[in-house]
Amino acid sequence: MSVSPTQKPLPDQVAMALNDTETTSSEKPASSIHRSLPMAAFNARLCSKLDLRILTPMFFLNFLSLMGRTNIGAALIQHLPKDLKLDAMKIFLVVSIPLVMLILFEVPSNLIMKWLESRFGLSYMRYLSLITVGLGLVTLGQAFDQSYAALLATRFLVGIFDSGLMPGCVFVLSLYYPSVHLQWRMSMLMVANIVSNIISNILAYGISNIHASNGYSGWRWIFMVEGLLTIAIGAICVWSDIGRPEKSTFLSHEEKDVIHSLVESRTSTIGIAAELKVFFSNPLNYAWAALYVFTCTTLYSVAIFAPSFVQAFHPDWKVPQVQGQVVPIFVVDCVVCLLAGWASDRLNHRSGFALAGYVLTIIGYAMLRVPNRFSPAIQMLALYFVSMGTYISLPMIWALTQLNSATPFQKALGSAFVIGVGNVGGFVSAWIFRSSEAPHYSAGMTDGLILTCVATGLIIVAWVYMKMANRRISETKDESNEGLASGVVTKFRC
């Protein structure tokens, strides 16, 4: 029995698919023939519907998330340090304070989001949209800061409101898309971040020529324009009502059954305390968090300091010229990130792509750590390598975290834990790329190279661990409903 990609799956076909995919401990896992039925039912029409209702607003929310956090980079190469009398240590604190809030509040934010949805019916998307509006208000407030203390306070609030956006979006996507469709959507979230860098730098390029008028110099206009944009888009997204798949009003009963059959996530019967024990006893969760730390170190370095790097390659360039050369880096990143996500879904594999991204980053760092050896053009190419490799690897870590979590609770906890802990990488980035070591940051490039080499070894270890665990599970025939009910992963996804 088969279903054409353009046909609507019949209820009895969906029921058969559910019976095929949920075997008991005494039965063999469903065959690939049976698995193809529900996968065919997850057709282009359903995929497009999910992309329109879920992925589109999340794209804009993630676009605004990174913009609100990294626009400080564009402000720093204008007159912000001079106007507010910032030295190297004050700049370090201003850049890094939101990261402290991300580390502390991402897990609570995801758990609060789930609690508000179950207790008061506040959908996941409305929660994420409301905190985006809060982020916009704070960003707007930064335009009126008159002192270092005021800037530090508003940056503190940026971290509070921004903490729930990325892990919340990653969690919600993992509830709706099966493994062979998930990575490209995760890559789209990353592209949203990249596009925010592009737009932010284009805005900075246009605003950089605005001269001080009534106290509002160019860097203040950056915060004003981007803050108002964030408020407007966040307010529009508030009207989106996306929660758990089974409660979605835009899905038919058959479509909900198809999603339920394909997204390997079941509510366990063991309680929250036991789920916490299962989650924190899984060594892979610590591996994903460590990988996120190493990868985020480079991500934040590129997102915040790319203008400074380009300025170092071309010391005679003016600010508009520097901003104009930063944008193409992120355009290339978008293309490479989406291609890697598409190929990952086609192969239903992620670890190898993450490894390839790390290797590319290593090549770039190795060239940048000795700046006088290469021409400015070669240094720019090396910066492209560092940036492309990072944007290939990071969304793979998101997907690996979600696909190797057995229950919705563990998915919510996993996305917040890994991304929250991983944001330590932003703190590390601000430390190793200190302004006192400008313009070439040779020590920072060396540190980034070392961290990426460690990440390369760790992803290989995690990959081997998952392959060995799957072989052990296959030999003991433990891939069953009992594992899902108990909150234990029954098959690791590489």
# chains A, B, ... in the order shown; residues from 1 in each chain; ligands from 1
call {"tool": "residues_around", "arguments": {"residues": "Leu111 in chain A", "least_positions_apart": "2", "cutoff": "9 Å", "atoms": "only C-alpha atoms", "output": "number ranges by chain"}}
result
A: 106-109, 113-116, 409, 412-413, 416
call {"tool": "residues_around", "arguments": {"residues": "Ser351 in chain A", "least_positions_apart": "6", "cutoff": "9 Å", "atoms": "only C-alpha atoms", "output": "count of residues only"}}
result
9
call {"tool": "closest_residue", "arguments": {"among": "A:Val278, A:Ile54, A:Leu229, A:Ala366", "to": "Thr446 in chain A", "atoms": "only C-alpha atoms"}}
result
A:Ala366
call {"tool": "residues_around", "arguments": {"residues": "Ile363 in chain A", "least_positions_apart": "4", "cutoff": "12 Å", "atoms": "only C-alpha atoms", "output": "PyMOL selection string"}}
result
chain A and resi 356-359+367-369+378-379+381-390+445-446+448-450+452-453
call {"tool": "write_last_selection", "arguments": {"atoms": "N, CA and C atoms", "output": "CSV table (one decimal), in the first residue's frame"}}
result
chain,number,residue,atom,x,y,z
A,356,ALA,N,32.7,18.4,9.0
A,356,ALA,CA,33.2,19.1,7.9
A,356,ALA,C,33.3,20.6,8.2
A,357,GLY,N,32.3,21.1,8.9
A,357,GLY,CA,32.3,22.5,9.2
A,357,GLY,C,33.4,22.9,10.1
A,358,TYR,N,33.7,22.0,11.1
A,358,TYR,CA,34.8,22.3,12.0
A,358,TYR,C,36.2,22.3,11.2
A,359,VAL,N,36.3,21.4,10.3
A,359,VAL,CA,37.6,21.3,9.5
A,359,VAL,C,37.8,22.6,8.7
A,367,MET,N,45.1,30.2,9.1
A,367,MET,CA,45.6,31.3,8.2
A,367,MET,C,45.5,32.6,8.9
A,368,LEU,N,44.5,32.8,9.7
A,368,LEU,CA,44.4,34.2,10.4
A,368,LEU,C,45.3,34.4,11.5
A,369,ARG,N,45.8,33.3,12.2
A,369,ARG,CA,46.6,33.5,13.3
A,369,ARG,C,48.0,34.1,13.0
A,378,ILE,N,43.7,37.2,0.9
A,378,ILE,CA,43.8,35.8,1.5
A,378,ILE,C,43.2,35.8,2.9
A,379,GLN,N,43.5,36.9,3.7
A,379,GLN,CA,42.9,37.0,5.0
A,379,GLN,C,41.4,37.0,5.0
A,381,LEU,N,39.5,35.7,2.6
A,381,LEU,CA,39.1,34.3,2.3
A,381,LEU,C,39.1,33.4,3.6
A,382,ALA,N,40.2,33.6,4.4
A,382,ALA,CA,40.2,32.8,5.7
A,382,ALA,C,39.1,33.1,6.6
A,383,LEU,N,38.7,34.4,6.6
A,383,LEU,CA,37.5,34.8,7.4
A,383,LEU,C,36.2,34.2,6.9
A,384,TYR,N,36.1,34.1,5.6
A,384,TYR,CA,35.0,33.3,5.0
A,384,TYR,C,35.0,31.9,5.4
A,385,PHE,N,36.1,31.2,5.4
A,385,PHE,CA,36.2,29.8,5.9
A,385,PHE,C,35.8,29.7,7.3
A,386,VAL,N,36.2,30.5,8.2
A,386,VAL,CA,35.9,30.5,9.6
A,386,VAL,C,34.4,30.6,9.8
A,387,SER,N,33.8,31.6,9.1
A,387,SER,CA,32.4,31.9,9.2
A,387,SER,C,31.5,30.8,8.6
A,388,MET,N,31.9,30.3,7.4
A,388,MET,CA,31.1,29.2,6.7
A,388,MET,C,31.1,28.0,7.6
A,389,GLY,N,32.3,27.6,8.1
A,389,GLY,CA,32.3,26.4,8.8
A,389,GLY,C,31.5,26.4,10.1
A,390,THR,N,31.5,27.6,10.7
A,390,THR,CA,30.7,27.7,12.0
A,390,THR,C,29.2,27.6,11.7
A,445,MET,N,42.8,34.4,17.6
A,445,MET,CA,42.7,33.4,16.5
A,445,MET,C,43.3,32.1,16.9
A,446,THR,N,44.4,32.1,17.7
A,446,THR,CA,45.0,30.9,18.1
A,446,THR,C,44.1,30.1,19.1
A,448,GLY,N,40.9,30.4,19.3
A,448,GLY,CA,39.7,29.8,18.5
A,448,GLY,C,40.1,28.6,17.7
A,449,LEU,N,41.3,28.5,17.2
A,449,LEU,CA,41.8,27.3,16.5
A,449,LEU,C,41.9,26.1,17.5
A,450,ILE,N,42.4,26.4,18.7
A,450,ILE,CA,42.5,25.3,19.7
A,450,ILE,C,41.1,24.7,20.0
A,452,THR,N,38.4,24.9,18.3
A,452,THR,CA,37.7,24.2,17.2
A,452,THR,C,38.4,22.8,17.0
A,453,CYS,N,39.6,22.7,17.3
A,453,CYS,CA,40.3,21.3,17.2
A,453,CYS,C,39.7,20.4,18.3
call {"tool": "closest_residue", "arguments": {"among": "A:Ile72, A:Ile231, A:Val331, A:Val489", "to": "Thr401 in chain A", "atoms": "only C-alpha atoms"}}
result
A:Val489
call {"tool": "closest_residue", "arguments": {"among": "A:Val100, A:Ala235, A:Ala303, A:Ala74", "to": "Gln323 in chain A", "atoms": "only C-alpha atoms"}}
result
A:Ala74
call {"tool": "atom_distance", "arguments": {"atom1": "CA of Ile259 in chain A", "atom2": "CA of Ser179 in chain A"}}
result
11.3 Å
call {"tool": "closest_residue", "arguments": {"among": "A:Met186, A:Cys169, A:Leu66, A:Leu135", "to": "Asp345 in chain A", "atoms": "only C-alpha atoms"}}
result
A:Met186
